[in-house]
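Encoded as structure tokens, the structure appears first; notes follow it.
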Amino acid sequence: MKAALAEVVATLSHLPGVLVAMIVGASDGLIIETSPIKGGAVGGTDSRKHTAALAAYLYSKVTRASDAARLGTPAFMRLEAEQGQICVVGARDIVLVTIVTSDANLGRVRLDMMHAARGKS
Amino acid sequence: MTDPTVAEAWVAAPLRRLMDDARFISGVLLYPTGKAVGQFGFSNAADVMSVCALTSAINASARELGRQLDGKPFYEMHHAGAERQVFMARCASGGQEFLFVGVFDRESSLGVVEIYFEEFQKALEKLRPETQAPGIGPSGDFEGELNRSLDKLFGPLGR
């Protein structure tokens with residue numbers, strides 16, 4: 001199980017433009033498996049724990065919003081910021097979280113994240 | 001959610017921020033001896049008194065258990081119930097240790113609580129307690145100290 005999760009993280013983290021790939025507990029927001037930050041932590045601060053907790057929290061709210069709108073479970077969540085993007089895909093008890101650069105191949109990231117999520121659900 | 005009520009004003013702002021950011025339902029900041037410093041989410045002094053006494057006892061037990069199992073006291077405790085979860089951890093200011101215990105539900109998560117508690121710890125470390133910190137051990141007047149701190153939080157109860 002641990003090896004399978006590590007493989008998912010390794011596969012996602014090797015995609016061009018992916019800075020970090022993480023598997024996070026959907027209900028507690030704690031990191032289960034993570035890749036190192038490509039290029040090192042910005043400003044020497046490791047923000048993975050914060051990003052994981054808040055991304056999982058945000059995904060849970062998005063799930064509620066989607067449910068309220070009678071759209072079903074969200075398939076893919078993307079948060080676009082000034083200097084990059086956060087992508088989240090849910091897979092039952094876990095969420096896959098990636099931090100990607102602005103110029104990343106988002107289609108490939110999305111496809112691989114959803115493929116990995118299908119394998120976990 | 002109402003503002004925290006505090007026995008020592010210097011903790012009001014960081015406690016308010018912790019309550020808002022981590023989306024705690026209720027929480028108490030106290031000295032390890034059981035004396036309450038601030039609280040939110042409680043309307044009854046007796047409930048806070050129970051929480052303080054239990055938290056103080058749990059901390060003492062967990063600290064000793066941590067020493068015996070891991071060679072050092074446990075840093076934090078978390079209990080996940082079916083609907084609500086309890087988070088308990090230590091923080092310090094001006095060399096004085098404090099305990100925090102808080103309750104949250106599905107509106108928050110352990111990960112969110114942990115990151116905002118870290119910010120709370122940092123905020124508290126930058127502040128200094130206004131009052132003379134009590135000694136490490138209980139003064140021998142546990143009930144009196146607890147009642148005095150509760151009077152500051154809720155007002156005298158007509159004793």
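Chains: A, B, ... in order of the structure tokens. Residues: from 1 per chain. Ligands: from 1, in order shown.
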Identify, on the basis of only C-alpha atoms, every residue whose closest approach to Val6 (chain B) does not exceed 7 Å; exclude the query and any residue fewer than 3 positions from it along the same chain; express the result as a PDB file with N, CA and C atoms, in the first residue's frame.
ATOM      1  N   ALA B   9      -5.988  39.830  29.530  1.00  0.00           N
ATOM      2  CA  ALA B   9      -6.338  40.474  28.253  1.00  0.00           C
ATOM      3  C   ALA B   9      -5.345  40.197  27.130  1.00  0.00           C
ATOM      4  N   ALA B  12      -6.364  37.693  24.386  1.00  0.00           N
ATOM      5  CA  ALA B  12      -7.651  37.837  23.678  1.00  0.00           C
ATOM      6  C   ALA B  12      -7.492  37.789  22.164  1.00  0.00           C
ATOM      7  N   VAL B  37      -7.223  30.796  31.576  1.00  0.00           N
ATOM      8  CA  VAL B  37      -6.725  32.095  31.114  1.00  0.00           C
ATOM      9  C   VAL B  37      -7.720  32.734  30.146  1.00  0.00           C
ATOM     10  N   GLY B  38      -8.350  31.917  29.331  1.00  0.00           N
ATOM     11  CA  GLY B  38      -9.332  32.419  28.378  1.00  0.00           C
ATOM     12  C   GLY B  38     -10.150  31.273  27.827  1.00  0.00           C
ATOM     13  N   GLN B  39     -11.341  31.591  27.328  1.00  0.00           N
ATOM     14  CA  GLN B  39     -12.195  30.540  26.771  1.00  0.00           C
ATOM     15  C   GLN B  39     -13.108  31.104  25.710  1.00  0.00           C
ATOM     16  N   LEU B 153     -13.651  35.094  34.127  1.00  0.00           N
ATOM     17  CA  LEU B 153     -14.217  34.784  32.813  1.00  0.00           C
ATOM     18  C   LEU B 153     -15.725  35.015  32.769  1.00  0.00           C
TER      19      LEU B 153
END
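What chain A places within 6 Å of chain B, counting only C-alpha atoms, is Asp28, Gly29, Leu30 and Ala53 of chain A.
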Inset, instruction - For Asp20 (chain B), work out the shell of residues within 12 Å, counting only C-alpha atoms and skipping chain neighbours fewer than 2 positions away, then give it as a PyMOL selection string. - result: chain B and resi 1-4+13-18+22-27+40-41+104+107-108+112-113+116-117+120
Legend entry - Near-Glu80 (chain A) list (10 Å; only C-alpha atoms; drop same-chain fewer than 3 positions) as a ChimeraX atom specification: /A:77,83-87,100-102
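Put simply, CA of Gly39 (chain A) is 27.3 Å away from CA of Lys122 (chain B).
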Inset, instruction - Apply DSSP to the structure's backbone, then extract all residues of region 10-156 of chain B labelled alpha helix (DSSP H) and return them as a count of residues only. - result: 67
Inset, instruction - Please identify all polymer residues within 6 Å of Met22 (chain A), counting only C-alpha atoms, omitting same-chain residues fewer than 3 positions from it, and present them as a list in words. - result: Glu33, Thr34, Leu96 and Val97 of chain A
Legend entry - strand (DSSP E or B) positions in region 46-101 of chain A, given as a list in words: Met77, Arg78, Leu79, Glu80, Ala81, Gly84, Gln85, Ile86, Cys87, Val88, Val89, Gly90, Ala91, Ile94, Val95, Leu96, Val97, Thr98, Ile99 and Val100 of chain A
Inset, instruction - Mind checking which residues fall within 8 Å of region 103-111 of chain A, counting only C-alpha atoms, ignoring those fewer than 6 positions away in the same chain, and posting them as a PyMOL selection string? - result: chain A and resi 12+15-18+76+84+87
Could those selected residues go to a file with N, CA and C atoms, as a short mmCIF file (atom, residue, chain, number, x, y, z; two decimals), in the first residue's frame?
data_model
loop_
_atom_site.label_atom_id
_atom_site.label_comp_id
_atom_site.auth_asym_id
_atom_site.auth_seq_id
_atom_site.Cartn_x
_atom_site.Cartn_y
_atom_site.Cartn_z
N LEU A 12 3.47 11.42 -10.48
CA LEU A 12 2.93 12.77 -10.65
C LEU A 12 4.03 13.83 -10.53
N LEU A 15 6.07 14.75 -13.66
CA LEU A 15 5.46 15.44 -14.80
C LEU A 15 6.06 16.84 -14.92
N PRO A 16 6.28 17.29 -16.16
CA PRO A 16 6.84 18.63 -16.33
C PRO A 16 5.95 19.70 -15.69
N GLY A 17 6.55 20.58 -14.90
CA GLY A 17 5.81 21.68 -14.28
C GLY A 17 5.24 21.36 -12.91
N VAL A 18 5.27 20.09 -12.52
CA VAL A 18 4.77 19.75 -11.18
C VAL A 18 5.88 19.99 -10.15
N PHE A 76 -12.39 17.46 -10.67
CA PHE A 76 -11.06 18.06 -10.69
C PHE A 76 -11.17 19.50 -10.22
N GLY A 84 1.37 30.26 -10.07
CA GLY A 84 1.23 28.83 -10.27
C GLY A 84 -0.18 28.37 -9.97
N CYS A 87 -3.74 21.88 -7.98
CA CYS A 87 -4.73 20.97 -8.54
C CYS A 87 -5.08 19.91 -7.49
#
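The coordinates place CA of Ala92 (chain B) at 17.9 Å from CA of Met19 (chain B).
Take CA of Thr73 (chain A) and CA of Asp93 (chain A): the distance between them is 13.2 Å.
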